[in-house]
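Just below is one structure, and these are the notes that go with it.
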Amino acid sequence: MENLILGKKRGKYFNAGSGDVTATYQMPKEEKANFEKFDVMYRSLCAILYNFAPLSGHPGGSISSGRFVQNLIYNELAYTLSQPHDNKADIISYAAGHKALGLYAMWALRNECVAQSNPKLLAKEIKDQMRLEDLLGFRRNKITPTKYFKQFNSKPLGGHPEPLVPFVKTSTGASGVGMGSAIGMGFGAADAYHKNTPMVHIVEGEGGLTAGRCSEAIAMAATANLDNVVVHLDWNQASIDSNNVTSDGSKPGDYVQWTPVELFYINDWNVVFVPEGHNYEQIYAAQKLAFNIKNGQPTAIVYRTVKGWKYGLEGKSSHGSGHKFCSPEFYHTLQEFETVFGVKMPHFCGEQNAQGVEDCFWNCLEAFRAALKAHPDVAEFISAKVADGAERLKLKNPVASPWLGNVEKIYKYDYKAPPKEFVFEPGKGYTLRGALGDVLGYLNKDTGGTILVGSADLYGSTNAGNVSKPFPAGFYSKVSNPESRTVADGGICEDALNAVATGISAYGSHLGLAASYAAFASFGHVAMRLHAIGQESKHDAFGEPLNTVIMFNGHAGVPTGEDGPTHADPQSLQLLQQNFPKGLAICLTPFEVDEVWPLVTYALNKRPAVLAPFVIRPSDKFIDRAALNFGPAESAVQGIYKLYGDGKKSDGDIIIQGSGVARIFVEGVLPKLQEKGLKVNVYYVTSRELFDLLDDAKKEEILPFAIRQRAMAITDFTLPTIADLLCSDIGKKHAIWPHKNGKYLGSGKPATLYKEAGLDAEGQISAILSYISEIK
């Protein structure tokens with residue numbers, strides 16, 4: 001019965017509290033003593049960071065995760081401290097982004113120990129280090145005016161991790177996205193190095209696991225046999241509102257009825273349970289055991305901990321809060337540090353303004369520096385461990401996968417020179433989704449498989465499968481099918497799929513692609529936003545170019561009408577278009593299939609963090625541009641181009657966005673207007689972001705302000721996606737869009753829905769004639 005309920009599992013379960021495990025993997029006693037001393041310093045620094053933020057951050061989870069992160073960094077991780085951008089190195093990703101306080105404290109203490117004991121191990125440039133001085137920037141903005149922040153050029157450390165911090169590859173912490181993005185980095189590392197693969201270690205808490213996208217991502221990792229992924233689960237049972245988040249095996253949880261052990265095991269992960277999560281011997285044994293499991297499955301090490309351990313506040317009371325500013329309770333948390341290191345921490349005695357707080361903050365940080373100088377054994381121990389990490393990486397020597405090409409090539413194609421495959425025959429039927437899949441498939445094949453493709457059980461339907469078609473069939477498996485480019489995304493799992501795609505791109509050897517109906521773009525919005533934040537942070541801090549993730553929005557808008565308003569969504573573009581800082585995201589809304597090659601390659605050349613094409617479902621006959629005197633396809637890269645007309649004085653000017661309404665206009669409206677002897681200028685919007693990247697003179701040349709002062713618009717999407725191009729009340733009054741009638745559309749064939757919306761040929765002509773009549 002048990003096997004029937006659980007099914008066949010490849011993953012194994014171990015209890016690190018058993019005598020056999022700890023006897024097999026014994027931590028040297030002298031190491032334990034050194035770690036105990038180091039941990040006193042770490043916990044005290046966590047308390048100080050919260051106090052001088054002031055009173056901002058998450059001390060509890062930072063403290064409860066400290067010991068297992070220490071052992072991981074100093075006894076297991078393969079990395080070189082001076083080379084934080086080396087993709088061969090193992091990765092730690094704080095999916096639990098609220099533990100950023102702990103990450104910063106851990107990184108800064110490591111840097112200080114090495115600086116005092118063996119400075120040649122440090123990175124040469126300050127930007128590649130995480131110093132004690134940088135802690136002055138915790139939860140502070142880059143425009144902070146205080147003395148020491150400016151003097152030391154401290155890093156503005158966000159409330160959740162960002163890649164301006166060395167060894168941090170992506171932004172994390174929002175509603176479970178960090179788990180998916182870290183697993184995405186696991187995909188990237190597994191595919192880039194097929195032997196001695198870099199490990200991806202994910203620090204998370206049980207509260208973070210309750211986000212549905214975490215379960216989806218966990219399933220994906222097991223299915224793909226990502227044995228280079230290890231989750232380190234800080235099971236302290238405390239979140240913002242609960243001290244009983246999950247079931248503990250004996251009583252129900254407030255939020256979920258699984259234990260973390262059950263969640264990972266049911267998803268076919270190896271699980272190593274650490275009943276005493278602050279016990280160095282058990283932590284050491286658990287990690288040694290975990291890294292010696294060789295069954296092709298990912299592993300979760302579940303540490304049973306106490307949130308806020310030895311902080312004076314435990315459980316949910318230490319989740320996002322702590323002791324009052326410079327209170328007796330705060331100073332009590334520092335007594336152990338004072339006793340062990342024989343120092344007296346300075347007490348706040350200034351004026352409680354920004355500079356007064358910083359003065360005392362810096363004095364406290366200098367006390368840590370003085371304590372390490374007075375106890376050089378700690379710094380020597382840590383710096384020796386850092387040197388060991390570099391030696392581990394040297395011995396490991398990950399081997400590059402022979403099948404993976406050069407990702408940089410994908411950003412360098414000539415948009416004016418489409419391959420013969422993308423020269424289309426007038427009158428023959430094509431689909432935009434098919435053309436998009438084929439163009440991306442061509443780029444994938446030509447660059448040696450640098451796009452890893454995920455689709456929400458819709459590879460054939462969206463044509464996203466075309467992107468991975470040139471490669472081995474079947475889903476990607478690190479063990480049995482490593483050359484496939486098709487990721488099994490757990491089924492209908494847009495949430496995790498988008499998060500994983502961002503992690504694939506963030507790793508840097510690939511572009512991740514997430515495909516679904518455009519109607520479900522909202523599922524990916526948070527992950528895409530975090531990716532853009534992370535890429536901007538990385539670029540600003542290190543000058544590195546952005547890595548693009550592709551959000552393939554298939555079946556966009558009204559032409560998906562047979563599925564009804566739940567799937568035929570005109571609102572999706574509004575979620576993304578112009579909703580990111582300039583240049584970070586580019587949306588594409590091509591009209592014809594011959595615009596896909598120039599738009600995709602030109603947009604990739606701009607290297608946005610997010611590329612989001614929107615394409616429709618139906619097949620349509622390819623128009624003969626030359627015969628109709630339409631603008632050339634390569635003009636699409638301007639973002640807006642003149643589809644028809646001479647740009648001179650006309651009876652009316654029309655701006656169109658959306659392939660569906662554009663085709664209705666071309667085939668059913670324009671001929672009627674010509675019959676009536678009406679002269680119109682028609683402009684088509686292929687990408688608002690590409691248009692926005694142009695200088696003002698070029699914008700004026702393409703779409704003169706005089707045109708905008710009287711133009712009307714027709715769109716497949718929502719009015720806000722095009723309204724700012726209209727500079728007159730008359731133009732806005734006569735604009736037409738799917739929801740202008742004040743209701744969602746029903747179900748039916750595209751023609752039926754366009755008629756219901758007043759966007760069919762008859763409706764467009766009526767709106768245009770009314771508009772022309774009024775402007776006259």
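In the structure tokens, the first chain shown is A, the next is B, and so on; residue numbers restart at 1 for each chain, and ligands run from 1 in the order shown.
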
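Near Asp646 of chain A, within 12 Å and counting only C-alpha atoms, sit Asn629, Phe630, Gly631, Tyr641, Lys642, Leu643, Lys649, Ser650, Asp653, Lys679, Val680, Asn681, Val682, Tyr683, Ile702, Leu703 and Ile707 of chain A; same-chain residues fewer than 3 positions away were not included.
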
Please dump the current selection as a compact mmCIF listing (two decimals), in the first residue's frame; keep all heavy atoms.
```txt
# COMPACT_ATOMS: atom_id res chain seq x y z
N ASN A 629 1.94 48.66 -52.04
CA ASN A 629 2.68 49.89 -51.73
C ASN A 629 2.81 50.12 -50.22
O ASN A 629 2.68 51.24 -49.73
CB ASN A 629 1.99 51.11 -52.40
CG ASN A 629 2.94 52.29 -52.54
OD1 ASN A 629 4.17 52.12 -52.61
ND2 ASN A 629 2.39 53.49 -52.55
N PHE A 630 3.04 49.01 -49.52
CA PHE A 630 3.22 49.09 -48.06
C PHE A 630 4.70 49.30 -47.72
O PHE A 630 5.59 48.97 -48.51
CB PHE A 630 2.74 47.80 -47.39
CG PHE A 630 1.24 47.69 -47.30
CD1 PHE A 630 0.65 46.56 -46.75
CD2 PHE A 630 0.40 48.70 -47.74
CE1 PHE A 630 -0.73 46.44 -46.65
CE2 PHE A 630 -0.99 48.60 -47.65
CZ PHE A 630 -1.56 47.46 -47.11
N GLY A 631 4.94 49.80 -46.51
CA GLY A 631 6.31 49.97 -46.04
C GLY A 631 7.04 48.65 -45.93
O GLY A 631 6.41 47.60 -45.69
N TYR A 641 6.15 52.14 -37.90
CA TYR A 641 6.52 52.45 -39.27
C TYR A 641 5.27 52.80 -40.07
O TYR A 641 4.15 52.45 -39.69
CB TYR A 641 7.30 51.31 -39.93
CG TYR A 641 6.48 50.08 -40.27
CD1 TYR A 641 6.02 49.88 -41.58
CD2 TYR A 641 6.19 49.11 -39.32
CE1 TYR A 641 5.28 48.75 -41.91
CE2 TYR A 641 5.47 47.97 -39.64
CZ TYR A 641 5.01 47.79 -40.93
OH TYR A 641 4.28 46.68 -41.26
N LYS A 642 5.49 53.51 -41.15
CA LYS A 642 4.37 53.90 -42.00
C LYS A 642 3.99 52.71 -42.88
O LYS A 642 4.73 52.32 -43.78
CB LYS A 642 4.75 55.11 -42.85
CG LYS A 642 3.58 55.72 -43.60
CD LYS A 642 3.97 57.06 -44.19
CE LYS A 642 5.01 56.84 -45.27
NZ LYS A 642 5.93 57.95 -45.41
N LEU A 643 2.84 52.17 -42.58
CA LEU A 643 2.37 51.01 -43.33
C LEU A 643 1.85 51.44 -44.70
O LEU A 643 2.09 50.77 -45.71
CB LEU A 643 1.26 50.31 -42.55
CG LEU A 643 0.64 49.07 -43.19
CD1 LEU A 643 1.67 47.94 -43.31
CD2 LEU A 643 -0.57 48.59 -42.38
N LYS A 649 -0.58 65.61 -46.18
CA LYS A 649 -1.94 65.96 -45.80
C LYS A 649 -2.91 64.89 -46.25
O LYS A 649 -2.85 64.39 -47.37
CB LYS A 649 -2.33 67.31 -46.40
CG LYS A 649 -3.68 67.81 -45.91
CD LYS A 649 -3.96 69.20 -46.44
CE LYS A 649 -5.32 69.69 -45.91
NZ LYS A 649 -5.64 71.04 -46.43
N SER A 650 -3.81 64.49 -45.34
CA SER A 650 -4.72 63.38 -45.61
C SER A 650 -6.09 63.70 -45.04
O SER A 650 -6.28 64.67 -44.31
CB SER A 650 -4.18 62.09 -45.00
OG SER A 650 -4.19 62.20 -43.59
N ASP A 653 -5.61 60.14 -40.21
CA ASP A 653 -4.38 59.42 -39.87
C ASP A 653 -4.73 58.36 -38.84
O ASP A 653 -5.39 58.65 -37.82
CB ASP A 653 -3.33 60.38 -39.33
CG ASP A 653 -3.03 61.50 -40.32
OD1 ASP A 653 -2.67 61.19 -41.47
OD2 ASP A 653 -3.17 62.68 -39.94
N LYS A 679 -8.13 59.70 -48.59
CA LYS A 679 -6.69 59.53 -48.46
C LYS A 679 -6.34 59.42 -46.98
O LYS A 679 -6.71 60.29 -46.19
CB LYS A 679 -5.96 60.72 -49.07
CG LYS A 679 -4.44 60.62 -49.01
CD LYS A 679 -3.79 61.84 -49.62
CE LYS A 679 -2.26 61.74 -49.50
NZ LYS A 679 -1.58 62.95 -50.04
N VAL A 680 -5.62 58.34 -46.60
CA VAL A 680 -5.25 58.15 -45.19
C VAL A 680 -3.76 57.81 -45.09
O VAL A 680 -3.17 57.23 -46.01
CB VAL A 680 -6.08 57.02 -44.53
CG1 VAL A 680 -7.53 57.43 -44.38
CG2 VAL A 680 -5.95 55.71 -45.29
N ASN A 681 -3.19 58.18 -43.96
CA ASN A 681 -1.86 57.71 -43.57
C ASN A 681 -2.05 56.68 -42.48
O ASN A 681 -2.78 56.91 -41.51
CB ASN A 681 -1.00 58.86 -43.04
CG ASN A 681 -0.65 59.86 -44.12
OD1 ASN A 681 -0.19 59.50 -45.20
ND2 ASN A 681 -0.88 61.15 -43.83
N VAL A 682 -1.40 55.54 -42.63
CA VAL A 682 -1.58 54.44 -41.69
C VAL A 682 -0.22 54.05 -41.11
O VAL A 682 0.74 53.79 -41.86
CB VAL A 682 -2.22 53.21 -42.36
CG1 VAL A 682 -2.46 52.11 -41.33
CG2 VAL A 682 -3.52 53.60 -43.05
N TYR A 683 -0.15 54.03 -39.79
CA TYR A 683 1.09 53.68 -39.08
C TYR A 683 0.84 52.42 -38.25
O TYR A 683 -0.21 52.28 -37.63
CB TYR A 683 1.52 54.83 -38.17
CG TYR A 683 1.81 56.11 -38.93
CD1 TYR A 683 0.78 56.98 -39.27
CD2 TYR A 683 3.10 56.42 -39.33
CE1 TYR A 683 1.04 58.15 -39.99
CE2 TYR A 683 3.37 57.58 -40.04
CZ TYR A 683 2.33 58.44 -40.38
OH TYR A 683 2.59 59.59 -41.08
N ILE A 702 9.54 59.65 -38.12
CA ILE A 702 8.70 58.47 -38.35
C ILE A 702 7.22 58.78 -38.13
O ILE A 702 6.37 58.45 -38.96
CB ILE A 702 9.14 57.32 -37.42
CG1 ILE A 702 10.54 56.85 -37.78
CG2 ILE A 702 8.16 56.15 -37.50
CD1 ILE A 702 11.17 55.94 -36.73
N LEU A 703 6.92 59.41 -37.01
CA LEU A 703 5.53 59.71 -36.66
C LEU A 703 5.47 61.17 -36.20
O LEU A 703 5.59 61.47 -35.01
CB LEU A 703 5.05 58.77 -35.55
CG LEU A 703 3.59 58.94 -35.10
CD1 LEU A 703 2.63 58.67 -36.26
CD2 LEU A 703 3.28 58.02 -33.92
N ILE A 707 0.91 64.63 -37.00
CA ILE A 707 0.05 63.45 -37.22
C ILE A 707 -0.59 63.03 -35.91
O ILE A 707 -1.80 62.77 -35.84
CB ILE A 707 0.87 62.29 -37.82
CG1 ILE A 707 1.42 62.66 -39.20
CG2 ILE A 707 0.06 61.00 -37.84
CD1 ILE A 707 0.40 62.68 -40.31
```

Could I get the residues of segment 37-89 of chain A with an atom no further than 9 Å from an atom of segment 390-398 of chain A, each paired with its nearest atom pair and that distance in Å to one decimal, using only C-alpha atoms, sorted by chain and residue number, as CSV?
```
residue,atom,partner,partner_atom,distance
A:Glu76,CA,A:Arg392,CA,8.2
A:Leu77,CA,A:Arg392,CA,7.7
A:Ala78,CA,A:Leu393,CA,4.5
A:Tyr79,CA,A:Ala390,CA,5.1
A:Thr80,CA,A:Ala390,CA,4.5
A:Leu81,CA,A:Ala390,CA,7.4
A:Lys88,CA,A:Pro398,CA,6.1
A:Ala89,CA,A:Leu393,CA,6.6
```

Quick one: everything within 12 Å of Pro28 of chain A, counting only C-alpha atoms, minus sequence neighbours fewer than 2 positions away in the same chain. Send it as a list of chain:residue names.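 Counting only C-alpha atoms, the residues come to A:Thr22, A:Ala23, A:Tyr25, A:Gln26, A:Glu30, A:Glu31, A:Lys32, A:Ala33, A:Asn34, A:Phe35, A:Asn75, A:Tyr280, A:Glu281, A:Tyr284, A:Ala285.
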
Selection from above, N, CA and C atoms, as a PDB file, in the first residue's frame, can you write it?
```pdb
ATOM      1  N   THR A  22      26.771  10.349  11.561  1.00  0.00           N
ATOM      2  CA  THR A  22      27.753  11.213  12.216  1.00  0.00           C
ATOM      3  C   THR A  22      29.067  10.478  12.483  1.00  0.00           C
ATOM      4  N   ALA A  23      28.992   9.146  12.626  1.00  0.00           N
ATOM      5  CA  ALA A  23      30.232   8.376  12.810  1.00  0.00           C
ATOM      6  C   ALA A  23      31.018   8.284  11.515  1.00  0.00           C
ATOM      7  N   TYR A  25      30.907  10.514   8.980  1.00  0.00           N
ATOM      8  CA  TYR A  25      31.406  11.840   8.605  1.00  0.00           C
ATOM      9  C   TYR A  25      31.575  12.677   9.874  1.00  0.00           C
ATOM     10  N   GLN A  26      32.782  12.677  10.422  1.00  0.00           N
ATOM     11  CA  GLN A  26      33.035  13.347  11.690  1.00  0.00           C
ATOM     12  C   GLN A  26      33.749  14.671  11.480  1.00  0.00           C
ATOM     13  N   GLU A  30      38.723  20.565  16.380  1.00  0.00           N
ATOM     14  CA  GLU A  30      39.278  21.909  16.313  1.00  0.00           C
ATOM     15  C   GLU A  30      38.468  22.799  15.357  1.00  0.00           C
ATOM     16  N   GLU A  31      37.878  22.175  14.325  1.00  0.00           N
ATOM     17  CA  GLU A  31      37.025  22.940  13.411  1.00  0.00           C
ATOM     18  C   GLU A  31      35.778  23.419  14.129  1.00  0.00           C
ATOM     19  N   LYS A  32      35.188  22.542  14.911  1.00  0.00           N
ATOM     20  CA  LYS A  32      33.978  22.931  15.628  1.00  0.00           C
ATOM     21  C   LYS A  32      34.254  24.124  16.530  1.00  0.00           C
ATOM     22  N   ALA A  33      35.349  24.104  17.243  1.00  0.00           N
ATOM     23  CA  ALA A  33      35.679  25.209  18.148  1.00  0.00           C
ATOM     24  C   ALA A  33      35.856  26.515  17.390  1.00  0.00           C
ATOM     25  N   ASN A  34      36.500  26.450  16.244  1.00  0.00           N
ATOM     26  CA  ASN A  34      36.692  27.654  15.439  1.00  0.00           C
ATOM     27  C   ASN A  34      35.372  28.172  14.875  1.00  0.00           C
ATOM     28  N   PHE A  35      34.524  27.255  14.412  1.00  0.00           N
ATOM     29  CA  PHE A  35      33.228  27.669  13.887  1.00  0.00           C
ATOM     30  C   PHE A  35      32.350  28.269  14.990  1.00  0.00           C
ATOM     31  N   ASN A  75      33.520  24.486   4.028  1.00  0.00           N
ATOM     32  CA  ASN A  75      33.924  23.082   3.941  1.00  0.00           C
ATOM     33  C   ASN A  75      33.527  22.384   2.646  1.00  0.00           C
ATOM     34  N   TYR A 280      26.832  21.637  14.751  1.00  0.00           N
ATOM     35  CA  TYR A 280      27.837  21.588  13.693  1.00  0.00           C
ATOM     36  C   TYR A 280      28.159  20.163  13.243  1.00  0.00           C
ATOM     37  N   GLU A 281      28.195  19.212  14.199  1.00  0.00           N
ATOM     38  CA  GLU A 281      28.523  17.837  13.817  1.00  0.00           C
ATOM     39  C   GLU A 281      27.473  17.270  12.861  1.00  0.00           C
ATOM     40  N   TYR A 284      27.727  19.136   9.434  1.00  0.00           N
ATOM     41  CA  TYR A 284      28.899  18.651   8.701  1.00  0.00           C
ATOM     42  C   TYR A 284      28.612  17.284   8.080  1.00  0.00           C
ATOM     43  N   ALA A 285      28.075  16.369   8.896  1.00  0.00           N
ATOM     44  CA  ALA A 285      27.798  15.015   8.409  1.00  0.00           C
ATOM     45  C   ALA A 285      26.741  15.030   7.311  1.00  0.00           C
TER      46      ALA A 285
END
```

Give me the residues near Phe341 of chain A as a count of residues only, where near means some atom within 8 Å (using only C-alpha atoms) and where sequence neighbours in that chain fewer than 2 positions away do not count. 7

Return as a list in words the full set of residues in segment 182-251 of chain A whose backbone-based DSSP assignment is alpha helix (DSSP H).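 Here is the list: Ala182, Ile183, Gly184, Met185, Gly186, Phe187, Gly188, Ala189, Ala190, Asp191, Ala192, Glu206, Gly207, Gly208, Leu209, Gly212, Arg213, Cys214, Ser215, Glu216, Ala217, Ile218, Ala219, Met220, Ala221, Ala222 and Thr223 of chain A.
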
For Ala506 of chain A, which of A:Gln352, A:Ser635, A:Gln535, A:Asn481 is the closest residue, counting only C-alpha atoms?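 Ranking A:Gln352, A:Ser635, A:Gln535, A:Asn481 by distance to Ala506 of chain A, first place goes to A:Gln535.
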
Could you go through segment 290-496 of chain A and tell me which residues DSSP, when run on the backbone, assigns to strand (DSSP E), listing them as a PyMOL selection string? chain A and resi 299-304+399-400+429-431+451-455+486-487

Identify which of the residues A:Val615, A:Ala370, A:Leu6, A:Ala115 lies closest to Val596 of chain A, counting only C-alpha atoms when measuring atom-to-atom distances.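 Checking each of A:Val615, A:Ala370, A:Leu6, A:Ala115 against Val596 of chain A, counting only C-alpha atoms, the winner is A:Val615.
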
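With only C-alpha atoms taken into account, the protein and nucleic acid residues at most 8 Å from Asn15 of chain A (excluding it and anything under 5 positions from it in its own chain) are Val21, Val272, Phe273, Val274 and Pro275 of chain A.
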
Generate a file of the selected residues that holds N, CA and C atoms, formatted as a PDB file, in the first residue's frame.
```
ATOM      1  N   VAL A  21      25.513   7.989  10.567  1.00  0.00           N
ATOM      2  CA  VAL A  21      25.882   9.096   9.677  1.00  0.00           C
ATOM      3  C   VAL A  21      26.971   9.952  10.310  1.00  0.00           C
ATOM      4  N   VAL A 272      17.952  14.697   3.209  1.00  0.00           N
ATOM      5  CA  VAL A 272      18.780  14.463   4.386  1.00  0.00           C
ATOM      6  C   VAL A 272      18.221  15.340   5.504  1.00  0.00           C
ATOM      7  N   PHE A 273      17.715  14.715   6.537  1.00  0.00           N
ATOM      8  CA  PHE A 273      17.099  15.449   7.638  1.00  0.00           C
ATOM      9  C   PHE A 273      18.129  15.684   8.739  1.00  0.00           C
ATOM     10  N   VAL A 274      18.211  16.919   9.216  1.00  0.00           N
ATOM     11  CA  VAL A 274      19.134  17.295  10.292  1.00  0.00           C
ATOM     12  C   VAL A 274      18.281  17.714  11.493  1.00  0.00           C
ATOM     13  N   PRO A 275      18.057  16.809  12.453  1.00  0.00           N
ATOM     14  CA  PRO A 275      17.153  17.136  13.561  1.00  0.00           C
ATOM     15  C   PRO A 275      17.636  18.267  14.452  1.00  0.00           C
TER      16      PRO A 275
END
```

I'd like the interatomic distance between atom CA of Gly427 of chain A and atom CA of Glu595 of chain A, to a tenth of an Å. 16.2 Å

If we count only C-alpha atoms and set the cut-off at 12 Å, which residues sit around Ser317 of chain A, ignoring sequence neighbours fewer than 2 positions away in its own chain? Please answer as a ChimeraX atom specification. /A:58-61,238-243,306-309,311-315,319-323

Any idea what's packed within 10 Å of Ser509 of chain A, counting only C-alpha atoms, ignoring anything in its chain fewer than 3 positions away? Could you give it as a compact mmCIF listing (two decimals) with all heavy atoms, in the first residue's frame?
```
# COMPACT_ATOMS: atom_id res chain seq x y z
N ASN A 87 31.90 31.23 -13.94
CA ASN A 87 30.75 30.32 -14.06
C ASN A 87 31.09 28.87 -13.72
O ASN A 87 30.19 28.04 -13.58
CB ASN A 87 30.17 30.38 -15.48
CG ASN A 87 28.97 31.32 -15.55
OD1 ASN A 87 28.72 32.10 -14.63
ND2 ASN A 87 28.22 31.24 -16.63
N MET A 185 19.24 28.34 -12.79
CA MET A 185 20.70 28.38 -12.83
C MET A 185 21.28 26.98 -12.80
O MET A 185 22.32 26.70 -13.41
CB MET A 185 21.24 29.22 -11.69
CG MET A 185 20.98 30.71 -11.87
SD MET A 185 21.86 31.77 -10.69
CE MET A 185 20.85 31.56 -9.22
N GLY A 188 21.20 25.81 -16.27
CA GLY A 188 22.28 26.44 -17.03
C GLY A 188 23.62 25.81 -16.75
O GLY A 188 24.40 25.52 -17.67
N ALA A 189 23.91 25.58 -15.47
CA ALA A 189 25.20 24.99 -15.10
C ALA A 189 25.31 23.55 -15.60
O ALA A 189 26.36 23.12 -16.09
CB ALA A 189 25.37 25.02 -13.58
N ASP A 191 23.89 22.21 -18.18
CA ASP A 191 24.04 22.13 -19.63
C ASP A 191 25.36 22.71 -20.10
O ASP A 191 25.90 22.30 -21.12
CB ASP A 191 22.89 22.86 -20.32
CG ASP A 191 22.83 22.55 -21.80
OD1 ASP A 191 22.76 21.36 -22.15
OD2 ASP A 191 22.89 23.49 -22.61
N ALA A 192 25.92 23.66 -19.35
CA ALA A 192 27.18 24.27 -19.76
C ALA A 192 28.38 23.38 -19.45
O ALA A 192 29.37 23.38 -20.18
CB ALA A 192 27.35 25.63 -19.07
N LEU A 404 27.28 22.60 -26.57
CA LEU A 404 26.79 23.96 -26.33
C LEU A 404 27.64 24.96 -27.08
O LEU A 404 28.86 24.96 -26.99
CB LEU A 404 26.78 24.28 -24.84
CG LEU A 404 26.17 25.64 -24.46
CD1 LEU A 404 24.70 25.70 -24.87
CD2 LEU A 404 26.31 25.88 -22.97
N GLY A 405 26.97 25.84 -27.83
CA GLY A 405 27.68 26.84 -28.62
C GLY A 405 27.97 28.11 -27.85
O GLY A 405 28.09 28.11 -26.62
N ASN A 406 28.04 29.23 -28.56
CA ASN A 406 28.43 30.52 -27.99
C ASN A 406 27.20 31.42 -27.91
O ASN A 406 26.67 31.87 -28.92
CB ASN A 406 29.51 31.16 -28.85
CG ASN A 406 29.91 32.53 -28.34
OD1 ASN A 406 29.56 32.92 -27.22
ND2 ASN A 406 30.67 33.26 -29.14
N VAL A 407 26.76 31.72 -26.70
CA VAL A 407 25.54 32.49 -26.52
C VAL A 407 25.69 33.92 -27.05
O VAL A 407 24.71 34.54 -27.47
CB VAL A 407 25.11 32.50 -25.03
CG1 VAL A 407 26.07 33.33 -24.20
CG2 VAL A 407 23.69 33.00 -24.87
N GLU A 408 26.90 34.47 -27.05
CA GLU A 408 27.08 35.85 -27.50
C GLU A 408 26.69 36.02 -28.97
O GLU A 408 26.30 37.12 -29.39
CB GLU A 408 28.53 36.29 -27.29
CG GLU A 408 28.88 36.56 -25.84
CD GLU A 408 28.00 37.64 -25.22
OE1 GLU A 408 27.86 38.73 -25.82
OE2 GLU A 408 27.43 37.39 -24.14
N THR A 450 21.76 27.41 -27.70
CA THR A 450 21.87 28.30 -26.54
C THR A 450 20.52 28.74 -25.98
O THR A 450 20.48 29.52 -25.02
CB THR A 450 22.70 29.55 -26.89
OG1 THR A 450 22.07 30.24 -27.96
CG2 THR A 450 24.11 29.17 -27.25
N ILE A 451 19.42 28.28 -26.58
CA ILE A 451 18.10 28.58 -26.02
C ILE A 451 17.52 27.31 -25.40
O ILE A 451 17.35 26.29 -26.09
CB ILE A 451 17.12 29.12 -27.09
CG1 ILE A 451 17.69 30.35 -27.78
CG2 ILE A 451 15.77 29.46 -26.45
CD1 ILE A 451 16.81 30.90 -28.90
N ILE A 504 17.87 30.49 -15.96
CA ILE A 504 18.67 29.99 -17.08
C ILE A 504 19.42 31.14 -17.73
O ILE A 504 20.62 31.05 -18.02
CB ILE A 504 17.76 29.27 -18.10
CG1 ILE A 504 17.26 27.93 -17.51
CG2 ILE A 504 18.50 29.02 -19.41
CD1 ILE A 504 16.17 27.27 -18.34
N SER A 505 18.72 32.24 -17.97
CA SER A 505 19.36 33.40 -18.60
C SER A 505 20.37 34.05 -17.66
O SER A 505 21.45 34.48 -18.10
CB SER A 505 18.30 34.42 -19.02
OG SER A 505 17.52 33.92 -20.08
N ALA A 506 20.04 34.15 -16.38
CA ALA A 506 20.93 34.80 -15.44
C ALA A 506 22.27 34.07 -15.33
O ALA A 506 23.31 34.71 -15.11
CB ALA A 506 20.27 34.89 -14.07
N GLY A 512 16.94 31.65 -21.58
CA GLY A 512 15.78 30.87 -21.18
C GLY A 512 14.56 31.38 -21.91
O GLY A 512 14.43 32.59 -22.17
N ASN A 547 21.67 39.87 -19.82
CA ASN A 547 21.33 38.56 -20.39
C ASN A 547 19.82 38.50 -20.58
O ASN A 547 19.06 38.72 -19.64
CB ASN A 547 21.77 37.42 -19.46
CG ASN A 547 23.27 37.42 -19.25
OD1 ASN A 547 24.02 37.77 -20.15
ND2 ASN A 547 23.70 37.03 -18.07
```

Atomic distance atom CA of Lys582 of chain A - atom CA of Gly639 of chain A, expressed in Å with one decimal: 13.9 Å
